[in-house]
Amino acid sequence: MTKITFIQPDGTEQVVEATVGMTVMETAKKHLIDGIEAECGGACACATCHVYVDEAWREKTGGPSEMEEDMLDFAFDVRPTSRLCCQIKVTEALDGLIVRVPEKQF
Ligand code: FES
């Protein structure tokens with residue numbers, strides 16, 4: 001099991017258990033994390049699963065693919081640490097991952 005911390009814009013933290021092989025978005029939906037809408041169901045086609053990856057984890061999660069970057073153009077308040085969390089696969093190496101949920105998804 002991999003632990004992931006989701007931090008809401010007001011600072012509220014939720015630590016959840018993620019299953020290796022799922023995506024961070026699927027993990028968020030399973031645990032009813034506020035602010036992760038994921039309207040397209042993980043097809044990299046909606047940008048409503050936007051999160052900010054904690055600086056310390058950027059290297060481990062890697063950056064967005066070209067397709068993801070194109071989609072991020074539609075997200076609200078995109079920053080250098082922005083990712084679409086349906087495109088981040090949970091691995092053991094991501095145990096302890098911290099992501100922040102944006103103020104809104106669009
Ligand atoms: S769930 Fe739609 S882009 Fe991630």
# chains A, B, ... in the order shown; residues from 1 in each chain; ligands from 1
call {"tool": "residues_around", "arguments": {"residues": "Cys86 of chain A", "least_positions_apart": "2", "cutoff": "8 Å", "atoms": "only C-alpha atoms", "output": "PyMOL selection string"}}
result
chain A and resi 23-26+38+42-44+49+84+88-89
call {"tool": "write_last_selection", "arguments": {"atoms": "N, CA and C atoms", "output": "PDB file, in the first residue's frame"}}
result
ATOM      1  N   THR A  23      -4.616   4.788 -10.475  1.00  0.00           N
ATOM      2  CA  THR A  23      -4.065   6.130 -10.661  1.00  0.00           C
ATOM      3  C   THR A  23      -4.375   6.956  -9.416  1.00  0.00           C
ATOM      4  N   VAL A  24      -3.695   8.090  -9.327  1.00  0.00           N
ATOM      5  CA  VAL A  24      -3.950   8.987  -8.192  1.00  0.00           C
ATOM      6  C   VAL A  24      -5.393   9.496  -8.269  1.00  0.00           C
ATOM      7  N   MET A  25      -5.889   9.706  -9.473  1.00  0.00           N
ATOM      8  CA  MET A  25      -7.287  10.146  -9.632  1.00  0.00           C
ATOM      9  C   MET A  25      -8.256   9.077  -9.117  1.00  0.00           C
ATOM     10  N   GLU A  26      -8.034   7.824  -9.502  1.00  0.00           N
ATOM     11  CA  GLU A  26      -8.927   6.744  -9.038  1.00  0.00           C
ATOM     12  C   GLU A  26      -8.894   6.647  -7.512  1.00  0.00           C
ATOM     13  N   ALA A  38     -12.798  14.715 -12.231  1.00  0.00           N
ATOM     14  CA  ALA A  38     -12.461  13.621 -13.145  1.00  0.00           C
ATOM     15  C   ALA A  38     -13.627  13.244 -14.068  1.00  0.00           C
ATOM     16  N   GLY A  42     -10.719   9.565 -16.609  1.00  0.00           N
ATOM     17  CA  GLY A  42      -9.306   9.191 -16.669  1.00  0.00           C
ATOM     18  C   GLY A  42      -8.729   9.097 -18.069  1.00  0.00           C
ATOM     19  N   ALA A  43      -9.443   9.658 -19.040  1.00  0.00           N
ATOM     20  CA  ALA A  43      -8.993   9.554 -20.432  1.00  0.00           C
ATOM     21  C   ALA A  43      -8.102  10.719 -20.868  1.00  0.00           C
ATOM     22  N   CYS A  44      -7.692  11.552 -19.910  1.00  0.00           N
ATOM     23  CA  CYS A  44      -6.869  12.729 -20.224  1.00  0.00           C
ATOM     24  C   CYS A  44      -7.616  13.653 -21.187  1.00  0.00           C
ATOM     25  N   CYS A  49      -9.168  16.823 -13.137  1.00  0.00           N
ATOM     26  CA  CYS A  49      -8.488  16.051 -12.083  1.00  0.00           C
ATOM     27  C   CYS A  49      -7.148  16.721 -11.794  1.00  0.00           C
ATOM     28  N   LEU A  84      -2.286  16.308 -14.229  1.00  0.00           N
ATOM     29  CA  LEU A  84      -3.618  15.708 -14.218  1.00  0.00           C
ATOM     30  C   LEU A  84      -3.441  14.376 -13.504  1.00  0.00           C
ATOM     31  N   ILE A  88      -1.151   9.960 -13.332  1.00  0.00           N
ATOM     32  CA  ILE A  88      -0.096   9.536 -12.399  1.00  0.00           C
ATOM     33  C   ILE A  88      -0.472   8.172 -11.846  1.00  0.00           C
ATOM     34  N   LYS A  89       0.301   7.189 -12.212  1.00  0.00           N
ATOM     35  CA  LYS A  89       0.069   5.826 -11.719  1.00  0.00           C
ATOM     36  C   LYS A  89       0.691   5.665 -10.346  1.00  0.00           C
TER      37      LYS A  89
END
call {"tool": "residues_around", "arguments": {"residues": "segment 5-19 of chain A", "least_positions_apart": "4", "cutoff": "9 Å", "atoms": "only C-alpha atoms", "output": "list in words"}}
result
Met1, Thr23, Val24, Glu26, Thr27, Ala28, His31, Ile33, Asp34, Gly35, Val90, Thr91, Glu92, Asp95, Gly96, Leu97, Ile98, Val99, Arg100, Val101, Pro102 and Glu103 of chain A
call {"tool": "atom_distance", "arguments": {"atom1": "atom CA of Asp54 of chain A", "atom2": "atom CA of Pro80 of chain A"}}
result
10.6 Å
call {"tool": "atom_distance", "arguments": {"atom1": "atom CA of Gly21 of chain A", "atom2": "atom CA of Ala75 of chain A"}}
result
25.1 Å
call {"tool": "select_by_dssp", "arguments": {"residues": "chain A", "states": "helix (DSSP H, G or I)", "output": "number ranges by chain"}}
result
A: 24-30, 55-61, 66-72, 85-87, 92-94
call {"tool": "atom_distance", "arguments": {"atom1": "atom CA of Ser65 of chain A", "atom2": "atom CA of Leu32 of chain A"}}
result
26.2 Å
call {"tool": "select_by_dssp", "arguments": {"residues": "segment 2-98 of chain A", "states": "strand (DSSP E)", "output": "mmCIF file with N, CA, C and O atoms, in the first residue's frame"}}
result
data_model
loop_
_atom_site.group_PDB
_atom_site.id
_atom_site.type_symbol
_atom_site.label_atom_id
_atom_site.label_comp_id
_atom_site.auth_asym_id
_atom_site.auth_seq_id
_atom_site.Cartn_x
_atom_site.Cartn_y
_atom_site.Cartn_z
ATOM 1 N N THR A 2 0.371 2.229 -0.688
ATOM 2 C CA THR A 2 1.073 3.497 -0.819
ATOM 3 C C THR A 2 0.196 4.575 -0.193
ATOM 4 O O THR A 2 -0.993 4.635 -0.490
ATOM 5 N N LYS A 3 0.776 5.403 0.641
ATOM 6 C CA LYS A 3 -0.020 6.479 1.250
ATOM 7 C C LYS A 3 0.095 7.750 0.413
ATOM 8 O O LYS A 3 1.183 8.120 -0.016
ATOM 9 N N ILE A 4 -1.055 8.377 0.201
ATOM 10 C CA ILE A 4 -1.060 9.647 -0.523
ATOM 11 C C ILE A 4 -1.782 10.679 0.335
ATOM 12 O O ILE A 4 -2.849 10.400 0.891
ATOM 13 N N THR A 5 -1.198 11.871 0.430
ATOM 14 C CA THR A 5 -1.841 12.963 1.166
ATOM 15 C C THR A 5 -2.412 13.967 0.165
ATOM 16 O O THR A 5 -1.695 14.436 -0.721
ATOM 17 N N PHE A 6 -3.697 14.237 0.308
ATOM 18 C CA PHE A 6 -4.355 15.272 -0.486
ATOM 19 C C PHE A 6 -4.560 16.474 0.428
ATOM 20 O O PHE A 6 -5.102 16.327 1.532
ATOM 21 N N ILE A 7 -4.132 17.639 -0.029
ATOM 22 C CA ILE A 7 -4.309 18.856 0.773
ATOM 23 C C ILE A 7 -5.273 19.788 0.046
ATOM 24 O O ILE A 7 -5.057 20.146 -1.127
ATOM 25 N N GLU A 13 -5.963 18.270 5.408
ATOM 26 C CA GLU A 13 -5.220 17.151 4.821
ATOM 27 C C GLU A 13 -5.980 15.850 4.976
ATOM 28 O O GLU A 13 -6.580 15.608 6.023
ATOM 29 N N GLN A 14 -5.937 15.037 3.957
ATOM 30 C CA GLN A 14 -6.506 13.691 4.041
ATOM 31 C C GLN A 14 -5.443 12.719 3.572
ATOM 32 O O GLN A 14 -4.931 12.854 2.453
ATOM 33 N N VAL A 15 -5.125 11.772 4.408
ATOM 34 C CA VAL A 15 -4.144 10.748 4.035
ATOM 35 C C VAL A 15 -4.914 9.477 3.715
ATOM 36 O O VAL A 15 -5.727 9.022 4.519
ATOM 37 N N VAL A 16 -4.696 8.947 2.522
ATOM 38 C CA VAL A 16 -5.440 7.752 2.116
ATOM 39 C C VAL A 16 -4.478 6.673 1.626
ATOM 40 O O VAL A 16 -3.345 6.952 1.247
ATOM 41 N N GLU A 17 -4.976 5.463 1.654
ATOM 42 C CA GLU A 17 -4.192 4.326 1.158
ATOM 43 C C GLU A 17 -4.508 4.157 -0.322
ATOM 44 O O GLU A 17 -5.678 4.098 -0.711
ATOM 45 N N ALA A 18 -3.484 4.053 -1.127
ATOM 46 C CA ALA A 18 -3.668 3.862 -2.565
ATOM 47 C C ALA A 18 -3.160 2.484 -2.967
ATOM 48 O O ALA A 18 -2.221 1.970 -2.371
ATOM 49 N N HIS A 50 -7.120 18.043 -12.042
ATOM 50 C CA HIS A 50 -5.897 18.836 -11.874
ATOM 51 C C HIS A 50 -5.453 18.877 -10.405
ATOM 52 O O HIS A 50 -6.271 19.108 -9.520
ATOM 53 N N VAL A 51 -4.171 18.648 -10.186
ATOM 54 C CA VAL A 51 -3.583 18.792 -8.840
ATOM 55 C C VAL A 51 -2.203 19.439 -8.976
ATOM 56 O O VAL A 51 -1.636 19.500 -10.065
ATOM 57 N N TYR A 52 -1.701 19.905 -7.846
ATOM 58 C CA TYR A 52 -0.324 20.379 -7.774
ATOM 59 C C TYR A 52 0.482 19.343 -7.008
ATOM 60 O O TYR A 52 0.168 19.026 -5.860
ATOM 61 N N VAL A 53 1.492 18.820 -7.667
ATOM 62 C CA VAL A 53 2.364 17.836 -7.005
ATOM 63 C C VAL A 53 3.337 18.600 -6.111
ATOM 64 O O VAL A 53 3.933 19.598 -6.536
ATOM 65 N N SER A 82 1.814 21.552 -11.826
ATOM 66 C CA SER A 82 0.496 21.009 -12.188
ATOM 67 C C SER A 82 0.597 19.661 -12.892
ATOM 68 O O SER A 82 1.474 19.465 -13.746
ATOM 69 N N ARG A 83 -0.299 18.778 -12.543
ATOM 70 C CA ARG A 83 -0.455 17.496 -13.254
ATOM 71 C C ARG A 83 -1.937 17.147 -13.282
ATOM 72 O O ARG A 83 -2.724 17.620 -12.473
ATOM 73 N N LEU A 84 -2.286 16.308 -14.229
ATOM 74 C CA LEU A 84 -3.618 15.708 -14.218
ATOM 75 C C LEU A 84 -3.441 14.376 -13.504
ATOM 76 O O LEU A 84 -2.676 13.516 -13.964
ATOM 77 N N LEU A 97 3.466 10.340 -1.166
ATOM 78 C CA LEU A 97 3.179 11.425 -2.124
ATOM 79 C C LEU A 97 2.222 12.468 -1.539
ATOM 80 O O LEU A 97 1.252 12.119 -0.852
ATOM 81 N N ILE A 98 2.520 13.724 -1.820
ATOM 82 C CA ILE A 98 1.658 14.828 -1.368
ATOM 83 C C ILE A 98 1.200 15.609 -2.604
ATOM 84 O O ILE A 98 2.032 16.015 -3.429
#
